[in-house]
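Structure data (mmCIF, C-alpha atoms) from start.cif:
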```
data_work
#
loop_
_atom_site.label_atom_id
_atom_site.label_comp_id
_atom_site.auth_asym_id
_atom_site.auth_seq_id
_atom_site.Cartn_x
_atom_site.Cartn_y
_atom_site.Cartn_z
CA MET J 12 183.79 -10.01 202.92
CA GLN J 13 181.67 -8.53 200.08
CA ILE J 14 178.62 -6.41 201.00
CA GLY J 15 176.34 -9.11 199.59
CA LYS J 16 177.79 -11.64 202.00
CA VAL J 17 177.27 -9.21 204.88
CA ILE J 18 173.61 -8.77 203.87
CA ARG J 19 173.09 -12.55 203.55
CA THR J 20 174.73 -13.26 206.92
CA TYR J 21 172.60 -10.78 208.88
CA ARG J 22 169.42 -11.52 206.92
CA LYS J 23 169.69 -15.18 207.88
CA GLN J 24 170.40 -14.25 211.49
CA LYS J 25 167.08 -12.35 211.40
CA ASP J 26 165.41 -15.50 209.96
CA MET J 27 164.22 -13.37 207.06
CA THR J 28 163.70 -14.57 203.48
CA GLN J 29 164.94 -12.66 200.45
CA GLU J 30 161.33 -12.01 199.50
CA GLU J 31 160.51 -10.57 202.94
CA MET J 32 163.55 -8.32 202.80
CA ALA J 33 162.65 -7.15 199.29
CA ASN J 34 159.08 -6.28 200.35
CA ARG J 35 160.33 -4.30 203.36
CA LEU J 36 162.74 -2.32 201.21
CA GLY J 37 160.42 -1.82 198.25
CA VAL J 38 162.66 -3.71 195.79
CA THR J 39 162.31 -6.97 193.91
CA THR J 40 163.39 -10.35 195.25
CA PRO J 41 165.82 -10.82 192.31
CA ALA J 42 167.48 -7.54 193.31
CA VAL J 43 168.22 -8.89 196.81
CA ASN J 44 169.44 -12.13 195.26
CA LYS J 45 171.82 -10.19 193.01
CA TRP J 46 173.23 -8.26 195.98
CA GLU J 47 173.91 -11.41 197.91
CA ASN J 48 175.58 -13.11 194.96
CA GLY J 49 177.79 -10.12 194.15
CA VAL J 50 176.15 -9.47 190.78
CA SER J 51 175.20 -5.94 191.78
CA GLN J 52 175.23 -3.67 194.82
CA PRO J 53 172.44 -1.74 196.55
CA ASP J 54 171.91 1.89 195.60
CA ILE J 55 173.55 4.25 198.06
CA GLY J 56 170.12 5.50 199.18
CA LEU J 57 169.21 1.99 200.34
CA LEU J 58 172.26 1.49 202.59
CA ALA J 59 170.76 3.14 205.68
CA PRO J 60 167.38 1.32 205.35
CA ILE J 61 169.19 -2.02 204.86
CA ALA J 62 171.30 -1.41 207.96
CA ARG J 63 168.19 -0.51 210.03
CA LEU J 64 166.31 -3.55 208.73
CA LEU J 65 169.16 -5.89 209.61
CA GLY J 66 169.70 -4.25 213.00
CA ILE J 67 173.31 -3.29 212.33
CA SER J 68 175.23 -0.05 211.91
CA LEU J 69 176.32 1.37 208.58
CA ASP J 70 179.91 0.64 209.65
CA GLU J 71 179.03 -3.03 210.07
CA LEU J 72 177.19 -3.10 206.75
CA LEU J 73 180.17 -1.51 205.04
CA SER J 74 182.74 -3.64 206.87
CA PHE J 75 183.43 -5.36 203.59
CA HIS J 76 185.65 -2.37 202.90
CA GLU J 77 187.74 -3.11 206.01
CA GLU J 78 187.94 -6.78 206.81
CA LEU J 79 189.28 -9.52 204.62
CA SER J 80 190.17 -13.01 205.77
CA ALA J 81 193.74 -14.25 205.43
CA ASP J 82 192.58 -16.59 202.66
CA GLU J 83 190.92 -13.73 200.77
CA ILE J 84 194.08 -11.63 201.02
CA ASN J 85 196.23 -14.56 199.88
CA ASN J 86 193.98 -15.12 196.87
CA ILE J 87 194.28 -11.47 195.84
CA ILE J 88 198.07 -11.61 196.19
CA LYS J 89 198.24 -14.83 194.14
CA GLU J 90 196.19 -13.18 191.41
CA LEU J 91 198.46 -10.13 191.54
CA ASP J 92 201.56 -12.34 191.20
CA ALA J 93 200.04 -14.17 188.26
CA LYS J 94 199.15 -10.92 186.49
CA LEU J 95 202.68 -9.58 186.92
CA GLU J 96 203.99 -12.64 185.11
CA THR J 97 201.75 -12.25 182.07
CA GLU J 98 200.57 -8.64 181.78
CA ALA J 99 202.16 -5.22 181.42
CA TYR J 100 203.21 -3.71 184.74
CA ALA J 101 201.25 -0.50 184.17
CA GLU J 102 198.03 -2.45 183.62
CA VAL J 103 198.61 -4.63 186.68
CA PHE J 104 199.36 -1.57 188.79
CA GLN J 105 196.08 0.00 187.72
CA TRP J 106 194.22 -3.23 188.55
CA ALA J 107 195.86 -3.37 191.98
CA GLU J 108 194.87 0.23 192.69
CA SER J 109 191.24 -0.60 191.90
CA ILE J 110 191.38 -3.47 194.41
CA LEU J 111 192.80 -1.21 197.10
CA GLN J 112 190.11 1.38 196.42
CA GLU J 113 187.56 -1.33 197.20
CA TYR J 114 189.25 -2.15 200.51
CA PRO J 115 190.76 1.19 201.61
CA ASN J 116 190.94 0.24 205.30
CA CYS J 117 192.41 -3.26 205.00
CA ASN J 118 195.99 -2.36 205.86
CA GLN J 119 197.26 -5.91 205.71
CA LEU J 120 196.14 -6.11 202.08
CA ILE J 121 197.48 -2.65 201.28
CA TRP J 122 200.91 -3.55 202.66
CA GLN J 123 201.14 -6.89 200.87
CA VAL J 124 200.02 -5.42 197.56
CA ALA J 125 202.53 -2.56 197.91
CA VAL J 126 205.36 -5.01 198.65
CA VAL J 127 204.53 -7.15 195.60
CA LEU J 128 204.24 -4.10 193.34
CA ASP J 129 207.46 -2.65 194.74
CA ALA J 130 209.36 -5.90 194.18
CA GLY J 131 207.71 -6.43 190.80
CA ARG J 132 209.39 -3.42 189.25
CA LEU J 133 212.77 -4.48 190.63
CA VAL J 134 212.86 -8.00 189.19
CA ARG J 135 211.61 -7.15 185.71
CA THR J 136 212.16 -4.36 183.22
CA VAL J 137 209.59 -1.64 183.88
CA GLU J 138 209.62 1.54 181.84
CA ASN J 139 210.07 4.62 184.01
CA ALA J 140 209.78 2.56 187.20
CA GLN J 141 210.28 5.66 189.37
CA GLN J 142 206.86 7.01 188.40
CA TYR J 143 205.33 4.51 190.83
CA ASP J 144 207.42 5.66 193.79
CA GLU J 145 204.89 8.15 195.10
CA SER J 146 201.97 5.70 195.05
CA ILE J 147 203.90 2.83 196.64
CA ASN J 148 205.34 5.15 199.26
CA ARG J 149 201.84 6.46 200.01
CA TYR J 150 200.58 2.90 200.57
CA TYR J 151 203.43 2.18 202.98
CA GLN J 152 202.76 5.45 204.84
CA THR J 153 199.06 4.56 205.12
CA VAL J 154 199.85 1.20 206.70
CA LEU J 155 202.32 2.88 209.06
CA GLU J 156 199.34 4.44 210.84
CA ASP J 157 197.81 1.04 211.70
CA GLU J 158 197.19 0.24 215.38
CA ASP J 159 198.61 -3.28 215.06
CA PRO J 160 202.32 -3.08 216.07
CA GLN J 161 203.32 -5.89 213.71
CA ILE J 162 201.60 -4.34 210.67
CA LYS J 163 203.13 -0.98 211.60
CA LYS J 164 206.57 -2.59 211.86
CA ASN J 165 206.14 -4.32 208.50
CA ALA J 166 205.38 -0.97 206.87
CA ALA J 167 208.37 0.66 208.57
CA ASP J 168 210.65 -2.10 207.31
CA SER J 169 209.33 -1.67 203.78
CA LEU J 170 209.91 2.08 203.97
CA PHE J 171 213.41 1.41 205.28
CA GLY J 172 214.17 -0.67 202.19
CA PHE J 173 212.50 1.89 199.95
CA TYR J 174 214.82 4.69 201.11
CA ILE J 175 217.93 2.49 201.26
CA ARG J 176 217.47 1.84 197.55
CA LYS J 177 217.20 5.58 197.00
CA GLU J 178 220.42 6.05 199.01
CA GLU J 179 218.57 8.34 201.45
CA TYR J 180 220.16 6.68 204.46
CA ASP J 181 219.11 9.18 207.13
CA LYS J 182 215.51 8.89 205.97
CA ALA J 183 215.76 5.09 206.01
CA GLU J 184 217.24 5.17 209.51
CA SER J 185 214.32 7.25 210.80
CA TYR J 186 211.97 4.28 210.35
CA LEU J 187 213.97 2.15 212.80
CA GLN J 188 212.13 3.96 215.61
CA TYR J 189 209.22 1.59 214.95
CA PHE J 190 211.33 -1.34 216.15
CA SER J 191 212.25 -2.05 219.77
CA GLN J 192 215.88 -1.39 220.67
CA ASP J 193 216.65 -5.09 221.23
CA ASP J 194 214.94 -6.31 218.06
CA PRO J 195 217.57 -8.18 215.98
CA VAL J 196 215.92 -6.90 212.78
CA ARG J 197 216.43 -3.31 213.94
CA GLN J 198 220.07 -4.07 214.71
CA LEU J 199 220.61 -5.63 211.28
CA ARG J 200 219.00 -2.64 209.59
CA GLN J 201 221.09 -0.23 211.65
CA ALA J 202 224.24 -2.07 210.59
CA THR J 203 223.09 -1.78 206.98
CA VAL J 204 222.83 2.00 207.38
CA TYR J 205 226.29 2.16 208.96
CA THR J 206 227.75 0.12 206.09
CA HIS J 207 226.26 2.41 203.45
CA LYS J 208 227.52 5.45 205.35
CA GLY J 209 231.06 4.07 205.42
CA MET J 210 230.92 3.37 209.18
CA GLU J 211 232.24 -0.18 208.85
CA GLU J 212 233.59 -0.44 212.40
CA GLU J 213 230.19 0.33 213.92
CA ALA J 214 228.52 -2.10 211.50
CA CYS J 215 230.96 -4.89 212.40
CA LYS J 216 230.28 -4.40 216.12
CA ILE J 217 226.55 -4.88 215.57
CA TYR J 218 227.01 -7.94 213.37
CA GLU J 219 229.41 -9.51 215.86
CA LYS J 220 227.05 -8.87 218.78
CA LEU J 221 224.30 -10.55 216.78
CA LEU J 222 226.56 -13.55 216.15
CA PHE J 223 227.38 -13.83 219.84
CA SER J 224 223.78 -13.43 221.06
CA GLY J 225 222.57 -15.73 218.30
CA TYR J 226 224.91 -18.44 219.53
CA GLN J 227 223.64 -18.05 223.10
CA ILE J 228 219.99 -18.32 222.02
CA LEU J 229 220.61 -21.34 219.79
CA ASN J 230 222.71 -23.01 222.47
CA GLN J 231 219.94 -22.59 225.02
CA ALA J 232 217.34 -23.92 222.58
CA LEU J 233 219.42 -27.04 221.90
CA SER J 234 219.92 -27.53 225.64
CA MET J 235 216.17 -27.46 226.23
CA LEU J 236 215.54 -29.88 223.37
CA TYR J 237 218.16 -32.17 224.88
CA LEU J 238 216.45 -32.05 228.30
CA ILE J 239 213.04 -32.82 226.76
CA SER J 240 214.52 -35.83 224.95
CA MET J 241 216.17 -37.07 228.15
CA LYS J 242 212.88 -36.72 230.02
CA LYS J 243 211.25 -38.90 227.35
CA GLU J 244 214.20 -41.31 227.64
CA ASP J 245 214.93 -40.83 223.97
CA HIS J 246 218.69 -41.04 224.45
CA GLU J 247 219.51 -41.34 220.77
CA ARG J 248 217.80 -38.03 219.97
CA ALA J 249 219.32 -36.40 223.06
CA LYS J 250 222.81 -37.38 221.89
CA ARG J 251 222.13 -35.90 218.46
CA TYR J 252 221.20 -32.57 220.08
CA LEU J 253 224.46 -32.65 222.06
CA ASP J 254 226.43 -33.31 218.89
CA LYS J 255 224.79 -30.30 217.21
CA GLN J 256 225.50 -28.19 220.28
CA SER J 257 229.15 -29.21 220.16
CA GLU J 258 229.42 -28.55 216.41
CA MET J 259 227.86 -25.14 216.90
CA ALA J 260 230.30 -24.22 219.69
CA LYS J 261 233.12 -25.16 217.36
CA THR J 262 231.66 -23.15 214.45
CA PHE J 263 231.23 -20.06 216.63
CA GLU J 264 234.73 -20.60 218.11
CA MET J 265 233.57 -20.87 221.70
CA GLY J 266 236.42 -23.10 222.83
CA LYS J 267 236.92 -26.78 223.64
CA TYR J 268 235.32 -26.46 227.08
CA ASN J 269 232.02 -25.31 225.57
CA GLU J 270 232.25 -27.97 222.89
CA MET J 271 232.36 -30.71 225.56
CA ALA J 272 230.32 -29.31 228.45
CA GLY J 273 226.95 -30.77 227.42
CA TYR J 274 228.24 -34.34 227.22
CA LEU J 275 228.92 -34.59 230.96
CA ASP J 276 225.23 -34.66 231.89
CA PHE J 277 224.65 -37.40 229.30
CA ALA J 278 227.48 -39.55 230.67
CA VAL J 279 226.19 -39.11 234.22
CA ALA J 280 222.65 -40.08 233.18
CA GLN J 281 224.09 -43.26 231.60
CA LYS J 282 226.32 -43.90 234.66
CA ASP J 283 229.10 -44.25 232.14
CA VAL J 284 232.29 -44.43 234.22
CA ALA J 285 234.75 -44.32 231.30
CA GLY J 286 232.79 -41.57 229.56
CA THR J 287 232.57 -39.48 232.72
CA LEU J 288 236.33 -39.77 233.30
CA ARG J 289 237.14 -38.78 229.74
CA ILE J 290 234.78 -35.79 229.63
CA VAL J 291 235.74 -34.44 233.07
CA LYS J 292 239.43 -34.66 232.18
CA GLU J 293 238.80 -32.73 228.96
CA LEU J 294 236.77 -30.11 230.77
CA MET J 295 239.30 -29.58 233.52
CA SER J 296 242.21 -29.53 231.07
CA ASN J 297 240.47 -27.02 228.80
CA ILE J 298 238.87 -24.77 231.35
CA GLU J 299 240.87 -21.77 230.15
CA THR J 300 239.27 -22.11 226.70
CA ILE J 301 235.90 -21.12 228.16
CA ARG J 302 236.44 -17.62 226.78
CA ASN J 303 238.22 -18.52 223.57
CA CYS J 304 235.73 -16.36 221.71
CA THR J 305 237.62 -13.29 222.93
CA ASN J 306 240.51 -14.35 220.68
CA SER J 307 238.33 -15.20 217.67
CA PHE J 308 238.29 -13.07 214.54
CA LEU J 309 234.51 -13.45 214.64
CA TYR J 310 234.27 -11.04 217.56
CA GLU J 311 237.38 -8.90 217.15
CA HIS J 312 235.46 -5.60 217.22
CA LEU J 313 233.89 -6.35 220.61
CA GLU J 314 235.40 -5.25 223.90
CA TYR J 315 235.94 -7.69 226.76
CA GLN J 316 236.78 -7.42 230.41
CA PRO J 317 240.14 -9.18 230.94
CA LEU J 318 240.03 -12.17 233.30
CA GLU J 319 242.75 -12.91 235.83
CA GLN J 320 244.15 -16.42 236.21
CA SER J 321 242.44 -16.52 239.58
CA PHE J 322 239.07 -16.68 237.78
CA TYR J 323 240.00 -19.98 236.14
CA ASP J 324 241.57 -21.33 239.32
CA ASN J 325 238.41 -20.56 241.30
CA LEU J 326 236.24 -22.12 238.59
CA LYS J 327 238.30 -25.33 238.74
CA LYS J 328 237.92 -25.42 242.51
CA LYS J 329 234.16 -24.93 242.34
CA LEU J 330 233.82 -27.71 239.78
CA LEU J 331 235.90 -30.11 241.89
CA ASP J 332 233.88 -29.25 244.99
CA ASN J 333 230.70 -29.93 243.05
CA PHE J 334 232.01 -33.29 241.80
CA LYS J 335 232.78 -34.30 245.39
CA THR J 336 229.29 -33.53 246.71
CA ASP J 337 227.10 -34.38 243.70
CA GLU J 338 225.16 -37.52 244.63
CA SER J 339 224.47 -38.30 240.96
CA LEU J 340 228.19 -39.09 240.67
CA ALA J 341 228.10 -41.74 243.42
CA TYR J 342 228.73 -44.44 240.82
CA MET J 343 232.28 -43.00 240.41
CA LYS J 344 233.38 -43.48 244.02
CA GLU J 345 235.00 -46.87 243.51
CA CYS J 346 237.11 -45.59 240.61
CA ASP J 347 240.73 -44.78 241.49
CA ALA J 348 241.14 -42.52 238.49
CA TRP J 349 238.15 -40.51 239.70
CA GLU J 350 239.73 -40.05 243.10
CA ARG J 351 242.88 -38.73 241.45
CA ILE J 352 240.78 -36.23 239.48
CA LEU J 353 239.17 -35.03 242.68
CA GLN J 354 242.67 -34.45 244.02
CA GLY J 355 243.42 -32.24 241.07
CA GLU J 356 245.28 -34.73 238.87
CA PHE J 357 244.06 -34.31 235.30
#
```
Show me the file's structure as structure tokens.
Amino acid sequence: MQIGKVIRTYRKQKDMTQEEMANRLGVTTPAVNKWENGVSQPDIGLLAPIARLLGISLDELLSFHEELSADEINNIIKELDAKLETEAYAEVFQWAESILQEYPNCNQLIWQVAVVLDAGRLVRTVENAQQYDESINRYYQTVLEDEDPQIKKNAADSLFGFYIRKEEYDKAESYLQYFSQDDPVRQLRQATVYTHKGMEEEACKIYEKLLFSGYQILNQALSMLYLISMKKEDHERAKRYLDKQSEMAKTFEMGKYNEMAGYLDFAVAQKDVAGTLRIVKELMSNIETIRNCTNSFLYEHLEYQPLEQSFYDNLKKKLLDNFKTDESLAYMKECDAWERILQGEF
């Protein structure tokens, strides 16, 4: 917000006219009007009297140097983008610096401007592009001191990229401390460092863990979307979520059991005897594929605890016991084929 807008806002809150304010300050009414419309700014000697008259602190009066709305920031960034397309980079850089001098405490703006300027010299031919390194780095470092964790993390990520491009990998890695240990972005960046350092095995382990955890998160999300659709009795949409879940299990090589598991609940909800028989037979016949991922090339750098055959045997028994006692499967009791399944005939 410009200082003129601050003055107008608080003047109106005081129910004071421009003329009254001018008389109290010993200036002309047109002078106050010019302040409020951004044509000119008050002399520095008038700042304290204006603040006292409006009943605010100098910090509040000068808050235009700190706070910008998201729309105001977006407008500045759009103008910056447009200038980079049509004007010389050096001139645009100078213009951007003048904007940041006007808002030296708006870290969100500083970061976004630095990112655009940084990218701008990478996507177009800029003479002696390295001469801007120090200024751009300084902007990133300034934002790194922000109290907002997200803004701080954004700056750290930008600095990470800055030093990766310079092939200063240890320096780049130092900025990962601003990310939590379980942040997927941190893990991706760490793998990038390992790759550049020739530590491909370590990088592959991280990427594979991200694949595996990503599958689990996506699978859970699809399961919840399926349940919401079933609650709304939107069975067509629910089935589409199950199909996506099955396709995803196949893509991530999670085994036939995981590809089919979700369909059982759907068949039971429909009281579909034939469908229930078919799905249960597939599940019981493919129970040992439940950990097929351990044999997939997608996760070959990960270590797994070996499972004894007894694990699968016990799992089959638990499933059969559950089928026998689950009241939602009562509609299957008159089916001879179902009885044979319960006896362990698949």
Near-region 187-203 of chain J list (12 Å; all atoms listed in the file; drop same-chain fewer than 4 positions) as a ChimeraX atom specification: /J:155-157,159-172,174-176,178,180-183,207-225
Would you save the residues from that selection as a PDB file, in the coordinates of the input, using C-alpha atoms?
```
ATOM      1  CA  LEU J 155     202.320   2.880 209.060  1.00  0.00           C
ATOM      2  CA  GLU J 156     199.340   4.440 210.840  1.00  0.00           C
ATOM      3  CA  ASP J 157     197.810   1.040 211.700  1.00  0.00           C
ATOM      4  CA  ASP J 159     198.610  -3.280 215.060  1.00  0.00           C
ATOM      5  CA  PRO J 160     202.320  -3.080 216.070  1.00  0.00           C
ATOM      6  CA  GLN J 161     203.320  -5.890 213.710  1.00  0.00           C
ATOM      7  CA  ILE J 162     201.600  -4.340 210.670  1.00  0.00           C
ATOM      8  CA  LYS J 163     203.130  -0.980 211.600  1.00  0.00           C
ATOM      9  CA  LYS J 164     206.570  -2.590 211.860  1.00  0.00           C
ATOM     10  CA  ASN J 165     206.140  -4.320 208.500  1.00  0.00           C
ATOM     11  CA  ALA J 166     205.380  -0.970 206.870  1.00  0.00           C
ATOM     12  CA  ALA J 167     208.370   0.660 208.570  1.00  0.00           C
ATOM     13  CA  ASP J 168     210.650  -2.100 207.310  1.00  0.00           C
ATOM     14  CA  SER J 169     209.330  -1.670 203.780  1.00  0.00           C
ATOM     15  CA  LEU J 170     209.910   2.080 203.970  1.00  0.00           C
ATOM     16  CA  PHE J 171     213.410   1.410 205.280  1.00  0.00           C
ATOM     17  CA  GLY J 172     214.170  -0.670 202.190  1.00  0.00           C
ATOM     18  CA  TYR J 174     214.820   4.690 201.110  1.00  0.00           C
ATOM     19  CA  ILE J 175     217.930   2.490 201.260  1.00  0.00           C
ATOM     20  CA  ARG J 176     217.470   1.840 197.550  1.00  0.00           C
ATOM     21  CA  GLU J 178     220.420   6.050 199.010  1.00  0.00           C
ATOM     22  CA  TYR J 180     220.160   6.680 204.460  1.00  0.00           C
ATOM     23  CA  ASP J 181     219.110   9.180 207.130  1.00  0.00           C
ATOM     24  CA  LYS J 182     215.510   8.890 205.970  1.00  0.00           C
ATOM     25  CA  ALA J 183     215.760   5.090 206.010  1.00  0.00           C
ATOM     26  CA  HIS J 207     226.260   2.410 203.450  1.00  0.00           C
ATOM     27  CA  LYS J 208     227.520   5.450 205.350  1.00  0.00           C
ATOM     28  CA  GLY J 209     231.060   4.070 205.420  1.00  0.00           C
ATOM     29  CA  MET J 210     230.920   3.370 209.180  1.00  0.00           C
ATOM     30  CA  GLU J 211     232.240  -0.180 208.850  1.00  0.00           C
ATOM     31  CA  GLU J 212     233.590  -0.440 212.400  1.00  0.00           C
ATOM     32  CA  GLU J 213     230.190   0.330 213.920  1.00  0.00           C
ATOM     33  CA  ALA J 214     228.520  -2.100 211.500  1.00  0.00           C
ATOM     34  CA  CYS J 215     230.960  -4.890 212.400  1.00  0.00           C
ATOM     35  CA  LYS J 216     230.280  -4.400 216.120  1.00  0.00           C
ATOM     36  CA  ILE J 217     226.550  -4.880 215.570  1.00  0.00           C
ATOM     37  CA  TYR J 218     227.010  -7.940 213.370  1.00  0.00           C
ATOM     38  CA  GLU J 219     229.410  -9.510 215.860  1.00  0.00           C
ATOM     39  CA  LYS J 220     227.050  -8.870 218.780  1.00  0.00           C
ATOM     40  CA  LEU J 221     224.300 -10.550 216.780  1.00  0.00           C
ATOM     41  CA  LEU J 222     226.560 -13.550 216.150  1.00  0.00           C
ATOM     42  CA  PHE J 223     227.380 -13.830 219.840  1.00  0.00           C
ATOM     43  CA  SER J 224     223.780 -13.430 221.060  1.00  0.00           C
ATOM     44  CA  GLY J 225     222.570 -15.730 218.300  1.00  0.00           C
TER      45      GLY J 225
END
```
Go through region 239-285 of chain J and flag each residue having an atom no more than 12 Å from region 316-336 of chain J; for those, report the closest pair of atoms plus their distance in Å to one decimal, using only C-alpha atoms, ordered by chain and rising number, as a Markdown table.
```
| residue | atom | partner | partner_atom | distance |
| --- | --- | --- | --- | --- |
| J:Ala272 | CA | J:Leu330 | CA | 12.0 |
| J:Leu275 | CA | J:Phe334 | CA | 11.3 |
| J:Val279 | CA | J:Phe334 | CA | 11.2 |
```
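Of note, CA of Tyr21 (chain J) and CA of Ile84 (chain J) are spaced 22.9 Å apart.
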Selected residue of minimal separation from Met259 (chain J) among J:Phe277, J:Tyr315, J:Tyr237, J:Tyr226, counting all atoms listed in the file: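 Checking each candidate against Met259 (chain J), we get J:Tyr226 as the closest.
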CA of Arg135 (chain J) to CA of Asn116 (chain J), straight-line distance in Å: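 Taking CA of Asn116 (chain J) and CA of Arg135 (chain J), their separation equals 29.4 Å.
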Interatomic distance (Å, one decimal) between CA of His246 (chain J) and CA of Lys282 (chain J):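 That distance, rounded to one decimal, is 13.1 Å.
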For Glu356 (chain J): contacts at 10 Å, all atoms listed in the file, fewer than 4 positions along chain excluded, given as a list of chain:residue names: J:Lys292, J:Met295, J:Ser296, J:Ala348, J:Trp349, J:Glu350, J:Arg351, J:Ile352
